[in-house]
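Worksheet: the structure to be examined is printed underneath.
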Amino acid sequence: MCFACSPRNPIGLHLRFSMDGDTCRTTFTPREEHQGWNGCMHGGLISTLLDEVMAQWLWRQGISAMTAEMTTRFSRPVPIGVPVNVESRLVEHKGRLWALSARVILPDGRAAARATAKFLTVD
Ligand SMILES: CCCCCCCCCCCCCCCC(=O)SCCNC(=O)CCNC(=O)[C@H](O)C(C)(C)COP(=O)(O)OP(=O)(O)OC[C@H]1O[C@@H](n2cnc3c(N)ncnc32)[C@H](O)[C@@H]1OP(=O)(O)O
């Protein structure tokens, strides 16, 4: 029962994803309970959005892979109540290792956060 994507998780984010060419996308509007700093979405939950959109890129290609490493840069706050777009792309693939990047984009088109991550395929 995935915290990010399961529709059955009562405390989950209930994210839904789609592929748009080589990009995986979702949208999310943070609520009060997702707050960290006053009026802003918690950074750990922003990282969850980024991690999940990259994992879903792989899942949608039939690749089962776990996050082995992730770096996030928080450039701007994500305000509570404001819808954001979240997107991911493949950067590189070598053997079991998949490198992806992802962004959280504010309604004005500016990136609020960016991440890069390495995933390793698992059986
Ligand atoms: C019916 C509908 C159902 C719908 C359903 C939807 C499900 C949609 C799925 C999405 C859902 C996902 C959710 C979000 C993604 C998570 O949250 S995943 C959870 C968070 N991540 C984890 O818990 C991972 C914990 N780590 C591990 O379990 C293990 O370390 C790993 C990642 C499996 C790798 O372990 P391992 O297989 O033993 O591999 P290991 O021998 O350590 O490394 C293999 C090779 O990779 C290299 N390597 C390892 N790490 C790195 C690294 N960071 N950088 C470079 N090289 C590395 C090693 O050096 C090694 O190289 P060689 O020696 O072979 O040359």
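Scheme for the structure tokens: letters A, B, ... for chains in order shown; per-chain residue numbers from 1; ligand numbers from 1 in order shown.
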Excluding A:Trp37 and any residue of its chain fewer than 6 positions from it, enumerate the residues within 10 Å of it, using only C-alpha atoms, and give them as a PDB file with C-alpha atoms, in the first residue's frame.
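Output (part.pdb):
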ATOM      1  CA  GLY A  43      10.700  19.179   2.185  1.00  0.00           C
ATOM      2  CA  PRO A  77       9.032  27.107  -1.300  1.00  0.00           C
ATOM      3  CA  VAL A  78       5.983  25.143  -2.446  1.00  0.00           C
ATOM      4  CA  PRO A  79       3.019  27.033  -0.955  1.00  0.00           C
TER       5      PRO A  79
END
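Identified as lying at most 6 Å from ligand 1 when counting only C-alpha atoms and all ligand atoms are the residues Asp51, Glu52, Ala55, Gln56, Trp59, Met66, Thr67, Ala68, Glu69, Lys118, Leu120 and Val122 of chain A.
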Checklist entry - Among chain A, which ones does DSSP place in alpha helix (DSSP H), written as a list of chain:residue names? => result A:Gly43, A:Gly44, A:Leu45, A:Ile46, A:Ser47, A:Thr48, A:Leu49, A:Leu50, A:Asp51, A:Glu52, A:Val53, A:Met54, A:Ala55, A:Gln56, A:Trp57, A:Leu58, A:Trp59
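Close contacts of A:Phe3, defined as residues with an atom at most 12 Å away when counting only C-alpha atoms, with chain neighbours fewer than 6 positions off set aside, comprise A:Asn9, A:Pro10, A:Ile11, A:Gly12, A:Leu13, A:His14, A:Leu15, A:Leu45, A:Thr48, A:Leu49, A:Asp51, A:Glu52.
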Mind dumping a table of every stretch 22-84 of chain A residue within 6 Å of stretch 104-114 of chain A, with the nearest atom pair and its distance in Å to one decimal, using only C-alpha atoms, sorted by chain and rising number, as JSON lines?
{"residue": "A:Thr72", "atom": "CA", "partner": "A:Arg114", "partner_atom": "CA", "distance": 5.7}
{"residue": "A:Arg73", "atom": "CA", "partner": "A:Arg114", "partner_atom": "CA", "distance": 5.3}
{"residue": "A:Phe74", "atom": "CA", "partner": "A:Ala113", "partner_atom": "CA", "distance": 4.5}
{"residue": "A:Ser75", "atom": "CA", "partner": "A:Ala112", "partner_atom": "CA", "distance": 5.1}
{"residue": "A:Arg76", "atom": "CA", "partner": "A:Ala112", "partner_atom": "CA", "distance": 4.5}
{"residue": "A:Val84", "atom": "CA", "partner": "A:Leu106", "partner_atom": "CA", "distance": 5.1}
Item to check | Neighbour list for A:Glu32 as a ChimeraX atom specification, cut-off 12 Å, only C-alpha atoms, skip fewer than 5 positions in-chain | outcome: /A:37-42,79-82
Checklist entry - DSSP on the backbone: what in chain A comes out strand (DSSP E), as a PyMOL selection string? => result chain A and resi 18-20+23-28+65-74+84-94+97-105+111-121
Filtering to N, CA and C atoms, could you give me those residues as a short mmCIF file (atom, residue, chain, number, x, y, z; two decimals), in the first residue's frame?
data_model
loop_
_atom_site.label_atom_id
_atom_site.label_comp_id
_atom_site.auth_asym_id
_atom_site.auth_seq_id
_atom_site.Cartn_x
_atom_site.Cartn_y
_atom_site.Cartn_z
N SER A 18 1.00 9.70 -15.41
CA SER A 18 0.82 9.38 -16.83
C SER A 18 2.13 9.64 -17.55
N MET A 19 2.33 8.91 -18.65
CA MET A 19 3.50 9.15 -19.50
C MET A 19 3.09 10.11 -20.60
N ASP A 20 3.98 11.07 -20.87
CA ASP A 20 3.78 12.05 -21.93
C ASP A 20 5.08 12.03 -22.74
N THR A 23 8.41 11.58 -20.78
CA THR A 23 8.29 12.22 -19.47
C THR A 23 7.15 11.59 -18.67
N CYS A 24 7.42 11.31 -17.39
CA CYS A 24 6.35 10.85 -16.49
C CYS A 24 5.88 12.06 -15.70
N ARG A 25 4.55 12.19 -15.56
CA ARG A 25 3.99 13.40 -14.92
C ARG A 25 2.95 13.04 -13.86
N THR A 26 2.88 13.94 -12.85
CA THR A 26 1.76 13.93 -11.92
C THR A 26 1.53 15.37 -11.45
N THR A 27 0.41 15.58 -10.78
CA THR A 27 0.15 16.89 -10.18
C THR A 27 -0.23 16.66 -8.72
N PHE A 28 -0.01 17.69 -7.91
CA PHE A 28 -0.34 17.56 -6.49
C PHE A 28 -0.60 18.95 -5.91
N ALA A 65 12.55 -1.25 -9.82
CA ALA A 65 13.82 -0.73 -9.31
C ALA A 65 13.57 0.06 -8.03
N MET A 66 14.56 -0.03 -7.11
CA MET A 66 14.46 0.71 -5.85
C MET A 66 15.42 1.89 -5.86
N THR A 67 15.05 2.92 -5.16
CA THR A 67 15.91 4.11 -5.05
C THR A 67 17.15 3.76 -4.24
N ALA A 68 18.33 3.95 -4.83
CA ALA A 68 19.58 3.67 -4.12
C ALA A 68 20.25 4.95 -3.65
N GLU A 69 19.96 6.05 -4.33
CA GLU A 69 20.61 7.33 -3.99
C GLU A 69 19.79 8.45 -4.58
N MET A 70 19.68 9.57 -3.84
CA MET A 70 18.88 10.69 -4.35
C MET A 70 19.41 11.99 -3.78
N THR A 71 19.50 13.00 -4.65
CA THR A 71 19.91 14.34 -4.22
C THR A 71 18.83 15.33 -4.62
N THR A 72 18.43 16.18 -3.69
CA THR A 72 17.35 17.14 -3.97
C THR A 72 17.84 18.56 -3.70
N ARG A 73 17.52 19.44 -4.61
CA ARG A 73 17.77 20.87 -4.39
C ARG A 73 16.43 21.59 -4.26
N PHE A 74 16.24 22.25 -3.14
CA PHE A 74 15.00 23.00 -2.90
C PHE A 74 15.28 24.46 -3.24
N VAL A 84 1.00 21.91 -8.05
CA VAL A 84 2.29 21.85 -8.73
C VAL A 84 2.30 20.67 -9.70
N ASN A 85 3.08 20.83 -10.76
CA ASN A 85 3.33 19.74 -11.69
C ASN A 85 4.65 19.10 -11.32
N VAL A 86 4.71 17.79 -11.45
CA VAL A 86 5.92 17.04 -11.10
C VAL A 86 6.24 16.15 -12.29
N GLU A 87 7.49 16.16 -12.72
CA GLU A 87 7.84 15.41 -13.93
C GLU A 87 9.21 14.78 -13.81
N SER A 88 9.41 13.67 -14.53
CA SER A 88 10.70 12.97 -14.49
C SER A 88 11.10 12.50 -15.88
N ARG A 89 12.42 12.32 -16.03
CA ARG A 89 12.97 11.81 -17.29
C ARG A 89 14.15 10.88 -16.99
N LEU A 90 14.40 10.00 -17.91
CA LEU A 90 15.60 9.15 -17.81
C LEU A 90 16.81 9.95 -18.24
N VAL A 91 17.90 9.80 -17.47
CA VAL A 91 19.15 10.48 -17.82
C VAL A 91 20.14 9.49 -18.42
N GLU A 92 20.25 8.32 -17.78
CA GLU A 92 21.26 7.36 -18.19
C GLU A 92 20.88 5.96 -17.69
N HIS A 93 21.31 4.96 -18.42
CA HIS A 93 21.05 3.58 -18.01
C HIS A 93 22.28 2.74 -18.29
N LYS A 94 22.74 1.99 -17.28
CA LYS A 94 23.88 1.10 -17.47
C LYS A 94 23.68 -0.12 -16.59
N LEU A 97 21.73 -0.19 -13.19
CA LEU A 97 21.65 1.17 -12.65
C LEU A 97 20.94 2.12 -13.63
N TRP A 98 19.94 2.82 -13.10
CA TRP A 98 19.16 3.79 -13.88
C TRP A 98 19.28 5.15 -13.20
N ALA A 99 19.70 6.15 -13.96
CA ALA A 99 19.78 7.52 -13.42
C ALA A 99 18.64 8.34 -14.01
N LEU A 100 17.89 9.02 -13.13
CA LEU A 100 16.76 9.85 -13.57
C LEU A 100 16.85 11.23 -12.94
N SER A 101 16.13 12.15 -13.53
CA SER A 101 16.01 13.49 -12.93
C SER A 101 14.53 13.84 -12.83
N ALA A 102 14.21 14.77 -11.92
CA ALA A 102 12.80 15.15 -11.73
C ALA A 102 12.73 16.60 -11.26
N ARG A 103 11.58 17.20 -11.51
CA ARG A 103 11.36 18.60 -11.09
C ARG A 103 9.95 18.76 -10.52
N VAL A 104 9.82 19.68 -9.56
CA VAL A 104 8.51 20.16 -9.10
C VAL A 104 8.36 21.57 -9.66
N ILE A 105 7.29 21.80 -10.41
CA ILE A 105 7.14 23.06 -11.14
C ILE A 105 5.92 23.84 -10.62
N ALA A 111 10.85 26.22 -11.45
CA ALA A 111 11.06 24.98 -10.69
C ALA A 111 11.24 25.31 -9.22
N ALA A 112 10.48 24.63 -8.36
CA ALA A 112 10.63 24.79 -6.92
C ALA A 112 11.66 23.82 -6.37
N ALA A 113 11.78 22.66 -7.00
CA ALA A 113 12.75 21.66 -6.53
C ALA A 113 13.16 20.78 -7.71
N ARG A 114 14.41 20.32 -7.62
CA ARG A 114 14.94 19.40 -8.64
C ARG A 114 15.63 18.25 -7.91
N ALA A 115 15.58 17.08 -8.52
CA ALA A 115 16.29 15.94 -7.93
C ALA A 115 16.95 15.12 -9.02
N THR A 116 18.01 14.45 -8.63
CA THR A 116 18.58 13.39 -9.45
C THR A 116 18.64 12.16 -8.56
N ALA A 117 18.49 11.01 -9.16
CA ALA A 117 18.51 9.78 -8.36
C ALA A 117 19.05 8.62 -9.18
N LYS A 118 19.58 7.65 -8.43
CA LYS A 118 20.01 6.38 -9.03
C LYS A 118 19.10 5.29 -8.49
N PHE A 119 18.60 4.47 -9.40
CA PHE A 119 17.75 3.33 -9.05
C PHE A 119 18.47 2.06 -9.47
N LEU A 120 18.30 1.00 -8.69
CA LEU A 120 18.85 -0.31 -9.04
C LEU A 120 17.73 -1.30 -9.24
N THR A 121 17.76 -2.01 -10.35
CA THR A 121 16.73 -3.01 -10.58
C THR A 121 16.84 -4.11 -9.53
#
Checklist entry - To one decimal place, how far is atom CA of A:Leu58 from atom CA of A:Asp22 in Å? => result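 Spanning atom CA of A:Leu58 to atom CA of A:Asp22 is a straight-line distance of 10.9 Å.
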